[in-house]
$ cat protein_32.txt   # compact mmCIF, C-alpha atoms
# COMPACT_ATOMS: atom_id res chain seq x y z
CA MET Y 1355 0.00 0.00 0.00
CA THR Y 1356 1.19 3.47 -0.82
CA VAL Y 1357 -0.16 6.75 0.46
CA HIS Y 1358 -0.10 9.33 -2.32
CA ALA Y 1359 -1.40 12.36 -0.50
CA LEU Y 1360 -3.15 13.66 2.58
CA TRP Y 1361 -5.67 16.49 2.87
CA VAL Y 1362 -7.22 17.99 5.94
CA ILE Y 1363 -10.54 19.76 5.34
CA ASN Y 1364 -12.12 21.90 8.05
CA LYS Y 1365 -15.79 21.76 8.93
CA ALA Y 1366 -16.64 24.56 6.52
CA GLY Y 1367 -15.13 22.74 3.55
CA GLY Y 1368 -11.88 24.71 3.40
CA LEU Y 1369 -8.59 22.98 2.82
CA VAL Y 1370 -6.29 23.56 5.81
CA PHE Y 1371 -3.51 21.14 4.96
CA SER Y 1372 -2.37 19.19 1.92
CA ARG Y 1373 0.78 17.22 1.24
CA SER Y 1374 1.83 14.88 -1.49
CA TYR Y 1375 4.00 11.89 -0.57
CA THR Y 1376 4.64 10.23 -3.94
CA ASP Y 1377 4.81 11.33 -7.59
CA THR Y 1378 2.20 8.84 -8.77
CA LEU Y 1379 -0.50 11.49 -8.84
CA PRO Y 1380 0.67 14.60 -10.67
CA PRO Y 1381 1.22 17.75 -8.62
CA LEU Y 1382 -1.73 20.12 -8.92
CA PRO Y 1383 -1.87 23.88 -8.44
CA LEU Y 1384 -3.04 24.80 -4.95
CA ASN Y 1385 -6.16 26.48 -6.31
CA THR Y 1386 -7.27 23.27 -7.98
CA VAL Y 1387 -6.74 21.30 -4.78
CA LEU Y 1388 -8.77 23.90 -2.88
CA ILE Y 1389 -11.63 23.51 -5.35
CA LEU Y 1390 -11.46 19.71 -5.20
CA ALA Y 1391 -11.51 19.75 -1.41
CA GLY Y 1392 -14.58 21.96 -1.44
CA THR Y 1393 -16.23 19.65 -3.97
CA LEU Y 1394 -15.50 16.65 -1.79
CA HIS Y 1395 -17.08 18.43 1.15
CA GLY Y 1396 -20.26 18.93 -0.87
CA ILE Y 1397 -20.26 15.37 -2.19
CA HIS Y 1398 -19.96 14.11 1.38
CA ALA Y 1399 -23.12 15.97 2.33
CA ILE Y 1400 -25.10 14.73 -0.68
CA THR Y 1401 -24.08 11.08 -0.40
CA SER Y 1402 -25.50 10.90 3.11
CA ARG Y 1403 -28.93 11.82 1.74
CA LEU Y 1404 -28.94 9.16 -0.96
CA ALA Y 1405 -28.98 6.09 1.30
CA PRO Y 1406 -31.58 3.76 -0.23
CA ALA Y 1407 -32.16 1.74 2.93
CA PRO Y 1408 -30.91 3.50 6.03
CA PRO Y 1409 -31.19 1.37 9.17
CA PRO Y 1410 -33.88 2.86 11.38
CA GLY Y 1411 -32.50 5.25 13.94
CA ALA Y 1412 -29.02 5.33 12.42
CA PRO Y 1413 -27.51 8.75 11.80
CA GLN Y 1414 -26.86 9.85 8.23
CA ALA Y 1415 -23.45 8.68 7.08
CA GLY Y 1416 -21.60 10.24 4.18
CA LEU Y 1417 -18.87 9.21 1.78
CA GLU Y 1418 -16.28 6.91 3.33
CA SER Y 1419 -14.16 5.90 0.37
CA PHE Y 1420 -14.04 6.09 -3.41
CA GLU Y 1421 -12.17 4.13 -6.02
CA ALA Y 1422 -10.71 4.73 -9.43
CA GLU Y 1423 -8.52 2.39 -11.46
CA GLY Y 1424 -5.52 1.54 -9.31
CA TRP Y 1425 -6.00 4.18 -6.62
CA GLY Y 1426 -8.64 5.44 -4.31
CA GLY Y 1427 -9.47 7.82 -1.52
CA LYS Y 1428 -10.49 7.31 2.05
CA VAL Y 1429 -12.41 9.90 4.07
CA PHE Y 1430 -12.36 10.02 7.84
CA LEU Y 1431 -14.82 12.37 9.53
CA THR Y 1432 -14.01 13.40 13.09
CA PRO Y 1433 -16.76 14.23 15.60
CA THR Y 1434 -15.95 17.93 15.22
CA GLY Y 1435 -16.51 17.90 11.47
CA THR Y 1436 -12.89 17.95 10.32
CA LYS Y 1437 -12.25 15.57 7.44
CA PHE Y 1438 -9.02 13.70 6.75
CA VAL Y 1439 -8.68 12.48 3.19
CA LEU Y 1440 -6.05 9.94 2.20
CA LEU Y 1441 -5.32 9.25 -1.45
CA HIS Y 1442 -3.80 5.78 -1.63
CA SER Y 1443 -3.11 2.86 -3.91
CA ILE Y 1444 -5.69 0.08 -4.00
CA GLY Y 1445 -5.15 -2.83 -1.66
CA HIS Y 1446 -6.15 -1.22 1.57
CA ALA Y 1447 -4.99 -2.63 4.81
CA GLY Y 1448 -4.73 -0.63 7.99
CA LEU Y 1449 -6.00 2.59 6.46
CA ASP Y 1450 -8.32 3.18 9.41
CA ASP Y 1451 -5.43 2.81 11.83
CA LEU Y 1452 -3.30 5.14 9.77
CA LEU Y 1453 -6.02 7.79 9.76
CA LYS Y 1454 -6.35 7.45 13.54
CA ARG Y 1455 -2.60 8.01 13.86
CA VAL Y 1456 -2.82 11.12 11.68
CA TYR Y 1457 -5.72 12.36 13.79
CA GLU Y 1458 -3.67 11.80 16.91
CA ILE Y 1459 -0.77 13.84 15.55
CA PHE Y 1460 -3.25 16.53 14.49
CA MET Y 1461 -4.80 16.71 17.96
CA LYS Y 1462 -1.48 17.01 19.76
CA ASN Y 1463 -0.70 20.56 18.72
CA PRO Y 1464 -1.90 22.90 21.48
CA PHE Y 1465 -1.06 26.03 19.49
CA HIS Y 1466 -3.24 25.26 16.52
CA THR Y 1467 -6.23 27.56 15.95
CA PRO Y 1468 -9.20 25.42 14.95
CA GLU Y 1469 -10.37 25.68 11.33
CA MET Y 1470 -7.26 27.64 10.30
CA PRO Y 1471 -4.54 26.48 7.86
CA ILE Y 1472 -1.90 24.29 9.51
CA ASN Y 1473 1.57 25.82 9.31
CA SER Y 1474 3.37 23.72 11.85
CA ALA Y 1475 6.74 22.33 10.81
CA GLN Y 1476 6.59 19.70 13.51
CA PHE Y 1477 3.19 18.42 12.30
CA ASP Y 1478 4.67 18.17 8.85
CA THR Y 1479 7.80 16.26 9.87
CA ARG Y 1480 5.89 13.85 12.09
CA LEU Y 1481 3.57 13.08 9.20
CA GLN Y 1482 6.57 12.67 6.87
CA THR Y 1483 8.09 10.04 9.14
CA LEU Y 1484 4.73 8.28 9.55
CA MET Y 1485 4.16 8.16 5.79
CA ALA Y 1486 7.75 7.06 5.20
CA THR Y 1487 7.18 3.97 7.35
CA VAL Y 1488 3.91 3.21 5.53
CA ASN Y 1489 5.28 3.77 2.03
CA ALA Y 1490 8.50 1.85 2.68
CA MET L 1334 -25.91 -8.71 0.55
CA THR L 1335 -28.40 -7.05 -1.65
CA ILE L 1336 -28.97 -4.65 -4.49
CA TYR L 1337 -31.02 -1.51 -4.09
CA SER L 1338 -31.46 0.33 -7.33
CA LEU L 1339 -30.32 0.90 -10.91
CA TYR L 1340 -30.21 4.20 -12.76
CA ILE L 1341 -29.30 4.75 -16.38
CA PHE L 1342 -28.38 8.27 -17.49
CA ASP L 1343 -27.95 9.31 -21.11
CA ARG L 1344 -25.45 11.76 -22.56
CA HIS L 1345 -27.87 14.64 -22.02
CA CYS L 1346 -27.59 14.10 -18.23
CA ASP L 1347 -31.20 12.86 -18.07
CA CYS L 1348 -32.22 9.76 -16.19
CA VAL L 1349 -33.76 7.46 -18.82
CA TYR L 1350 -34.35 4.34 -16.73
CA TYR L 1351 -34.89 3.52 -13.07
CA HIS L 1352 -35.53 0.23 -11.31
CA ASP L 1353 -35.41 -0.57 -7.61
CA TRP L 1354 -35.49 -3.70 -5.47
CA HIS L 1355 -34.87 -3.74 -1.73
CA ARG L 1356 -35.31 -0.10 -0.79
CA THR L 1357 -36.71 0.60 2.65
CA ARG L 1358 -36.75 4.35 2.03
CA PRO L 1359 -38.76 4.45 -1.16
CA VAL L 1360 -38.61 7.22 -3.69
CA ARG L 1361 -41.86 8.78 -4.89
CA ALA L 1362 -42.83 9.94 -8.33
CA GLY L 1363 -42.47 13.65 -8.86
CA PRO L 1364 -45.11 15.73 -10.61
CA ASN L 1365 -42.90 16.54 -13.60
CA ASP L 1366 -41.33 13.14 -14.29
CA ARG L 1367 -40.89 12.23 -17.92
CA PRO L 1368 -42.71 9.10 -19.10
CA GLY L 1369 -40.87 5.84 -19.74
CA VAL L 1370 -38.32 6.13 -16.95
CA HIS L 1371 -39.74 4.48 -13.85
CA ARG L 1372 -42.92 2.72 -12.77
CA LEU L 1373 -43.42 4.27 -9.41
CA PRO L 1374 -46.99 4.98 -8.38
CA THR L 1375 -47.82 8.34 -9.90
CA ALA L 1376 -48.60 11.47 -8.01
CA SER L 1377 -51.44 13.30 -9.68
CA GLY L 1378 -50.22 16.70 -8.64
CA PRO L 1379 -48.01 18.44 -6.14
CA GLY L 1380 -49.18 17.64 -2.64
CA ALA L 1381 -51.72 15.04 -3.72
CA ARG L 1382 -49.94 12.25 -1.90
CA GLU L 1383 -49.17 14.19 1.23
CA SER L 1384 -51.25 12.04 3.54
CA ILE L 1385 -50.46 9.54 6.21
CA PHE L 1386 -52.36 6.85 4.30
CA SER L 1387 -50.33 7.12 1.14
CA ASN L 1388 -47.22 6.70 3.24
CA ALA L 1389 -48.19 3.17 4.28
CA ASN L 1390 -49.25 2.49 0.74
CA SER L 1391 -45.99 3.43 -0.88
CA ASN L 1392 -44.08 1.35 1.65
CA SER L 1393 -45.98 -1.83 0.87
CA ASN L 1394 -45.57 -1.14 -2.83
CA SER L 1395 -41.82 -1.05 -2.80
CA ALA L 1396 -41.57 -4.04 -0.51
CA SER L 1397 -43.53 -6.26 -2.86
CA GLY L 1398 -40.91 -6.24 -5.58
CA SER L 1399 -40.99 -2.77 -7.07
CA GLY L 1400 -44.06 -3.27 -9.21
CA SER L 1401 -41.98 -4.20 -12.18
CA GLN L 1402 -43.88 -7.24 -13.36
CA GLN L 1403 -47.15 -5.58 -14.12
CA GLY L 1404 -46.83 -5.73 -17.88
CA LEU L 1405 -48.73 -2.55 -18.51
CA GLY L 1406 -46.46 -1.19 -21.17
CA MET L 1407 -45.88 2.50 -20.77
CA GLY L 1408 -48.96 2.73 -18.57
CA GLN L 1409 -48.93 3.98 -15.04
CA PRO L 1410 -49.94 1.22 -12.65
CA GLY L 1411 -50.38 3.52 -9.72
CA GLN L 1412 -53.34 5.39 -11.10
CA GLN L 1413 -56.09 3.10 -9.88
CA GLN L 1414 -54.82 3.26 -6.34
CA GLN L 1415 -54.70 6.98 -6.50
CA GLN L 1416 -58.30 7.18 -7.54
CA GLN L 1417 -59.45 4.81 -4.84
CA GLN L 1418 -57.90 6.98 -2.23
CA GLY L 1419 -59.88 9.94 -3.32
CA PRO L 1420 -58.72 13.45 -2.61
CA ALA L 1421 -56.10 13.00 0.04
CA PRO L 1422 -56.30 15.45 2.89
CA GLN L 1423 -53.54 18.02 2.91
CA ALA L 1424 -52.04 17.05 6.19
CA ASN L 1425 -48.98 15.95 8.04
CA GLY L 1426 -45.70 17.69 8.17
CA THR L 1427 -42.12 16.89 7.42
CA GLY L 1428 -42.00 13.67 9.45
CA ALA L 1429 -43.86 11.62 6.88
CA ALA L 1430 -42.12 13.36 4.00
CA SER L 1431 -38.66 12.45 5.24
CA LYS L 1432 -39.70 8.81 5.73
CA ARG L 1433 -41.00 8.69 2.17
CA GLY L 1434 -37.77 9.99 0.78
CA LEU L 1435 -37.10 12.43 -2.02
CA PRO L 1436 -39.17 12.94 -5.16
CA PHE L 1437 -37.74 10.90 -8.00
CA ASP L 1438 -36.48 13.77 -10.16
CA GLU L 1439 -34.66 15.34 -7.21
CA GLU L 1440 -33.00 12.08 -6.32
CA ALA L 1441 -31.93 11.39 -9.89
CA LYS L 1442 -30.34 14.84 -10.06
CA LEU L 1443 -28.45 14.25 -6.84
CA VAL L 1444 -27.17 10.87 -8.00
CA TYR L 1445 -26.04 12.30 -11.32
CA GLY L 1446 -24.42 15.27 -9.60
CA VAL L 1447 -22.43 13.12 -7.21
CA VAL L 1448 -21.33 10.74 -9.94
CA LEU L 1449 -20.27 13.54 -12.26
CA SER L 1450 -18.42 15.51 -9.56
CA LEU L 1451 -16.52 12.48 -8.34
CA ARG L 1452 -15.72 11.43 -11.89
CA ASN L 1453 -14.31 14.87 -12.70
CA MET L 1454 -12.41 14.96 -9.42
CA VAL L 1455 -10.81 11.58 -10.12
CA LYS L 1456 -9.84 12.73 -13.61
CA LYS L 1457 -8.28 15.93 -12.30
CA LEU L 1458 -6.40 14.19 -9.51
CA SER L 1459 -4.93 11.51 -11.72
CA GLY L 1460 -4.10 13.97 -14.48
CA LYS L 1461 -5.35 11.48 -17.07
CA ASP L 1462 -8.44 12.10 -19.15
CA ASP L 1463 -9.34 8.42 -19.45
CA GLU L 1464 -9.18 7.62 -15.76
CA GLN L 1465 -12.37 5.84 -14.75
CA PHE L 1466 -14.14 6.49 -11.51
CA THR L 1467 -15.57 3.11 -10.51
CA SER L 1468 -17.31 3.22 -7.16
CA TYR L 1469 -17.76 4.92 -3.84
CA LYS L 1470 -18.91 3.67 -0.49
CA THR L 1471 -20.59 4.97 2.64
CA SER L 1472 -21.38 2.88 5.70
CA GLN L 1473 -24.92 2.32 4.37
CA TYR L 1474 -24.53 1.65 0.66
CA ARG L 1475 -22.10 1.42 -2.22
CA LEU L 1476 -22.50 3.04 -5.63
CA HIS L 1477 -21.00 1.51 -8.78
CA LEU L 1478 -20.55 3.38 -12.04
CA TYR L 1479 -20.04 2.02 -15.52
CA GLU L 1480 -19.77 4.51 -18.36
CA THR L 1481 -20.16 3.46 -21.96
CA LEU L 1482 -18.34 5.03 -24.89
CA THR L 1483 -21.64 6.51 -26.05
CA GLY L 1484 -21.97 8.49 -22.84
CA TYR L 1485 -24.53 6.33 -21.08
CA LYS L 1486 -23.88 6.01 -17.38
CA PHE L 1487 -25.06 2.89 -15.59
CA VAL L 1488 -25.30 3.43 -11.85
CA LEU L 1489 -26.01 0.62 -9.39
CA LEU L 1490 -26.57 0.97 -5.66
CA SER L 1491 -25.76 -2.09 -3.57
CA ASP L 1492 -25.07 -2.74 0.06
CA PRO L 1493 -21.61 -1.68 1.29
CA GLN L 1494 -20.16 -5.16 1.66
CA ALA L 1495 -20.52 -5.96 -2.05
CA ASP L 1496 -17.44 -6.32 -4.24
CA SER L 1497 -17.11 -4.38 -7.44
CA LEU L 1498 -20.24 -4.88 -9.53
CA ARG L 1499 -19.11 -3.10 -12.66
CA PHE L 1500 -19.08 -6.39 -14.54
CA VAL L 1501 -22.83 -6.67 -13.86
CA LEU L 1502 -23.41 -3.24 -15.36
CA ARG L 1503 -21.35 -4.23 -18.36
CA GLN L 1504 -23.42 -7.40 -18.74
CA LEU L 1505 -26.60 -5.32 -18.54
CA GLN L 1506 -25.33 -3.09 -21.32
CA THR L 1507 -24.14 -5.81 -23.66
CA GLY L 1508 -27.17 -7.99 -22.91
CA PRO L 1509 -30.59 -6.43 -22.23
CA PHE L 1510 -29.63 -2.87 -23.18
CA VAL L 1511 -28.35 -3.73 -26.65
CA ASP L 1512 -31.08 -6.31 -27.30
CA TYR L 1513 -34.14 -4.44 -26.12
CA VAL L 1514 -33.20 -0.77 -26.31
CA VAL L 1515 -30.56 -0.15 -28.97
CA ARG L 1516 -32.05 -2.70 -31.40
CA ASN L 1517 -35.61 -1.69 -30.60
CA PRO L 1518 -37.01 0.60 -33.31
CA LEU L 1519 -39.77 1.74 -30.96
CA VAL L 1520 -37.31 3.30 -28.53
CA ASP L 1521 -36.25 6.82 -29.35
CA LEU L 1522 -32.69 6.73 -28.05
CA ASP L 1523 -31.88 10.41 -28.18
CA SER L 1524 -35.24 11.64 -26.99
CA ARG L 1525 -35.30 14.45 -24.45
CA THR L 1526 -38.94 13.87 -23.60
CA GLN L 1527 -39.15 10.22 -22.65
CA GLY L 1528 -37.11 7.34 -21.24
CA ILE L 1529 -36.19 3.95 -22.63
CA ASP L 1530 -38.48 1.82 -20.47
CA ASN L 1531 -40.23 -1.11 -22.15
CA ASP L 1532 -41.58 -4.42 -20.91
CA GLN L 1533 -38.90 -6.66 -22.39
CA PHE L 1534 -36.03 -4.54 -21.11
CA ARG L 1535 -37.48 -4.23 -17.63
CA THR L 1536 -38.16 -7.96 -17.41
CA ALA L 1537 -34.69 -8.84 -18.67
CA VAL L 1538 -32.99 -6.45 -16.24
CA ASP L 1539 -35.08 -7.76 -13.39
CA ARG L 1540 -34.27 -11.36 -14.24
CA HIS L 1541 -30.56 -10.61 -14.57
CA ILE L 1542 -30.31 -8.79 -11.24
CA ARG L 1543 -32.37 -11.40 -9.39
CA SER L 1544 -30.13 -14.17 -10.72
CA LEU L 1545 -27.06 -12.67 -9.05
CA THR L 1546 -25.82 -14.40 -5.91
CA MET L 1547 -25.49 -11.07 -4.10
CA PHE L 1548 -29.13 -10.23 -4.71
CA GLY L 1549 -30.10 -12.22 -1.64
CA PRO L 1550 -33.49 -13.63 -0.67
$ encode --input "protein_32.txt" --output "C-alpha cells"
Amino acid sequence: MTVHALWVINKAGGLVFSRSYTDTLPPLPLNTVLILAGTLHGIHAITSRLAPAPPPGAPQAGLESFEAEGWGGKVFLTPTGTKFVLLHSIGHAGLDDLLKRVYEIFMKNPFHTPEMPINSAQFDTRLQTLMATVNA
Amino acid sequence: MTIYSLYIFDRHCDCVYYHDWHRTRPVRAGPNDRPGVHRLPTASGPGARESIFSNANSNSNSASGSGSQQGLGMGQPGQQQQQQQGPAPQANGTGAASKRGLPFDEEAKLVYGVVLSLRNMVKKLSGKDDEQFTSYKTSQYRLHLYETLTGYKFVLLSDPQADSLRFVLRQLQTGPFVDYVVRNPLVDLDSRTQGIDNDQFRTAVDRHIRSLTMFGP
C-alpha cells in the first residue's frame, strides 16, 4: 500500500492542509486542490442523503471511500466535522489505523487555531516520518 | 448482501431508466417526471400524496418487488390506487415526508451530480483524461458506475459489503440494453422527452439482477 497524498478539510469545507508523498499522482496547483476539497465536502453531504435503505435510527453517514482504477481515496470524519482524506493505492490494509494516527498527531498541537490552515513544521515532519514507514 | 437500485443516465444528463429492489426508504414519483423512466406509483399533482395513508401504501408497494412485473407497457400502474384513495387530505408535516424519501427527479439529479463531480475529481487528480471512476462507499450503501463510450452512465446501488459490480453493469449493457433498447425501433434513443423503459427490457434487467448471488433472498 502506498499513500499518495493527505488532505485535511475543516468543517466549513476549506482545505487547511495538503501534502503529497509520492509522484504517482501529478502535482496540482493549490487552487485546484482547494476547489477539489470543497467539492468533496459537498459530495460528502449529498451522499449521506442518498442512502436507499438507512437502518432505522441510524444517523446519516456520508462518503467513506471512493475508487478509481488503481487508486482510491479514504475519508475520515471526526466528531468535530474535520475531514481527513487519504489518497492511496488500492489494496487497503490498515487505512483506518493510519487515519487514527494522523488524527492523533493533528490533535497534539496545542497552538493550533481550529479551522485555520496548519503551518506547523513539527506536524509536517511527524507526518513525513509516519508516511515514510507506511510507504516503505 | 443485496442490491437496491439501478439508474441509467444518457449523454444529455437525463435519467432514462430507473428500477429498484430492496429499498426501505422508497422514492416517490415527482409531478414533472418524464414518461418511460420508472414505474413508481404516480402522483397526480403536487401535494396530492401528502397524507399519512399514502405513506403506508408506498411502503408496501416497494416491498412487494418494485411493481416491475405488471406488464402494462408504458402505462402507469399507480393510477387506480390513486383514484381509490380519493382526494387526500392536505395534512402531516415533514416527518412523513422524510420517511418517504425524495421525489424521484430530485433524487436522480443528486445521484447524477455526485457521480459527475466524483468522476471529474478523479480525472483531475490523476491527471489522465481516461481515468475511470468506478465506485464509492458509505457505511450504508455502495454506488457503482459504468460509463459506456456513447456516454450512457449505468449506476447501481448495492449494500456496502458488495465487491465491485461493474461487470454486472457491463453485462446489462451488452445484454438487455443492446437487445431491447438499442435494437428496438420503438425506442427513441436520443429523446429528451421520454425514457427507454419497455416491458422486455425491464423484465430482462429484473431477471438478470435477481439471478445474481449477491441479490439475496
$ interface_residues --input "protein_32.txt" --of "chain L" --to "chain Y" --cutoff "10 Å" --atoms "all atoms listed in the file" --output "PyMOL selection string"
chain L and resi 1336-1338+1353-1360+1434-1435+1440-1441+1443-1444+1446-1448+1450-1461+1464-1477+1490-1492+1497
$ atom_distance --input "protein_32.txt" --atom1 "atom CA of Leu1449 of chain L" --atom2 "atom CA of Val1515 of chain L"
23.9 Å
$ atom_distance --input "protein_32.txt" --atom1 "atom CA of Ser1372 of chain Y" --atom2 "atom CA of Gly1445 of chain Y"
22.5 Å
$ atom_distance --input "protein_32.txt" --atom1 "atom CA of Arg1503 of chain L" --atom2 "atom CA of Leu1440 of chain Y"
29.3 Å
$ residues_around --input "protein_32.txt" --residues "Cys1346 of chain L" --least-positions-apart "5" --cutoff "10 Å" --atoms "all atoms listed in the file" --output "list of chain:residue names"
L:Ile1341, L:Ala1441, L:Lys1442, L:Tyr1445, L:Gly1446, L:Leu1449, L:Gly1484, L:Tyr1485, L:Lys1486, L:Arg1525
$ write_last_selection --input "protein_32.txt" --atoms "C-alpha atoms" --output "mmCIF file, keeping the file's coordinate frame"
data_model
loop_
_atom_site.group_PDB
_atom_site.id
_atom_site.type_symbol
_atom_site.label_atom_id
_atom_site.label_comp_id
_atom_site.auth_asym_id
_atom_site.auth_seq_id
_atom_site.Cartn_x
_atom_site.Cartn_y
_atom_site.Cartn_z
ATOM 1 C CA ILE L 1341 -29.300 4.750 -16.380
ATOM 2 C CA ALA L 1441 -31.930 11.390 -9.890
ATOM 3 C CA LYS L 1442 -30.340 14.840 -10.060
ATOM 4 C CA TYR L 1445 -26.040 12.300 -11.320
ATOM 5 C CA GLY L 1446 -24.420 15.270 -9.600
ATOM 6 C CA LEU L 1449 -20.270 13.540 -12.260
ATOM 7 C CA GLY L 1484 -21.970 8.490 -22.840
ATOM 8 C CA TYR L 1485 -24.530 6.330 -21.080
ATOM 9 C CA LYS L 1486 -23.880 6.010 -17.380
ATOM 10 C CA ARG L 1525 -35.300 14.450 -24.450
#
$ residues_around --input "protein_32.txt" --residues "Ala1362 of chain L" --least-positions-apart "5" --cutoff "8 Å" --atoms "only C-alpha atoms" --output "count of residues only"
7
$ closest_residue --input "protein_32.txt" --among "Y:His1442, Y:Met1461, Y:Leu1481, Y:Glu1469" --to "Thr1356 of chain Y" --atoms "all atoms listed in the file"
Y:His1442
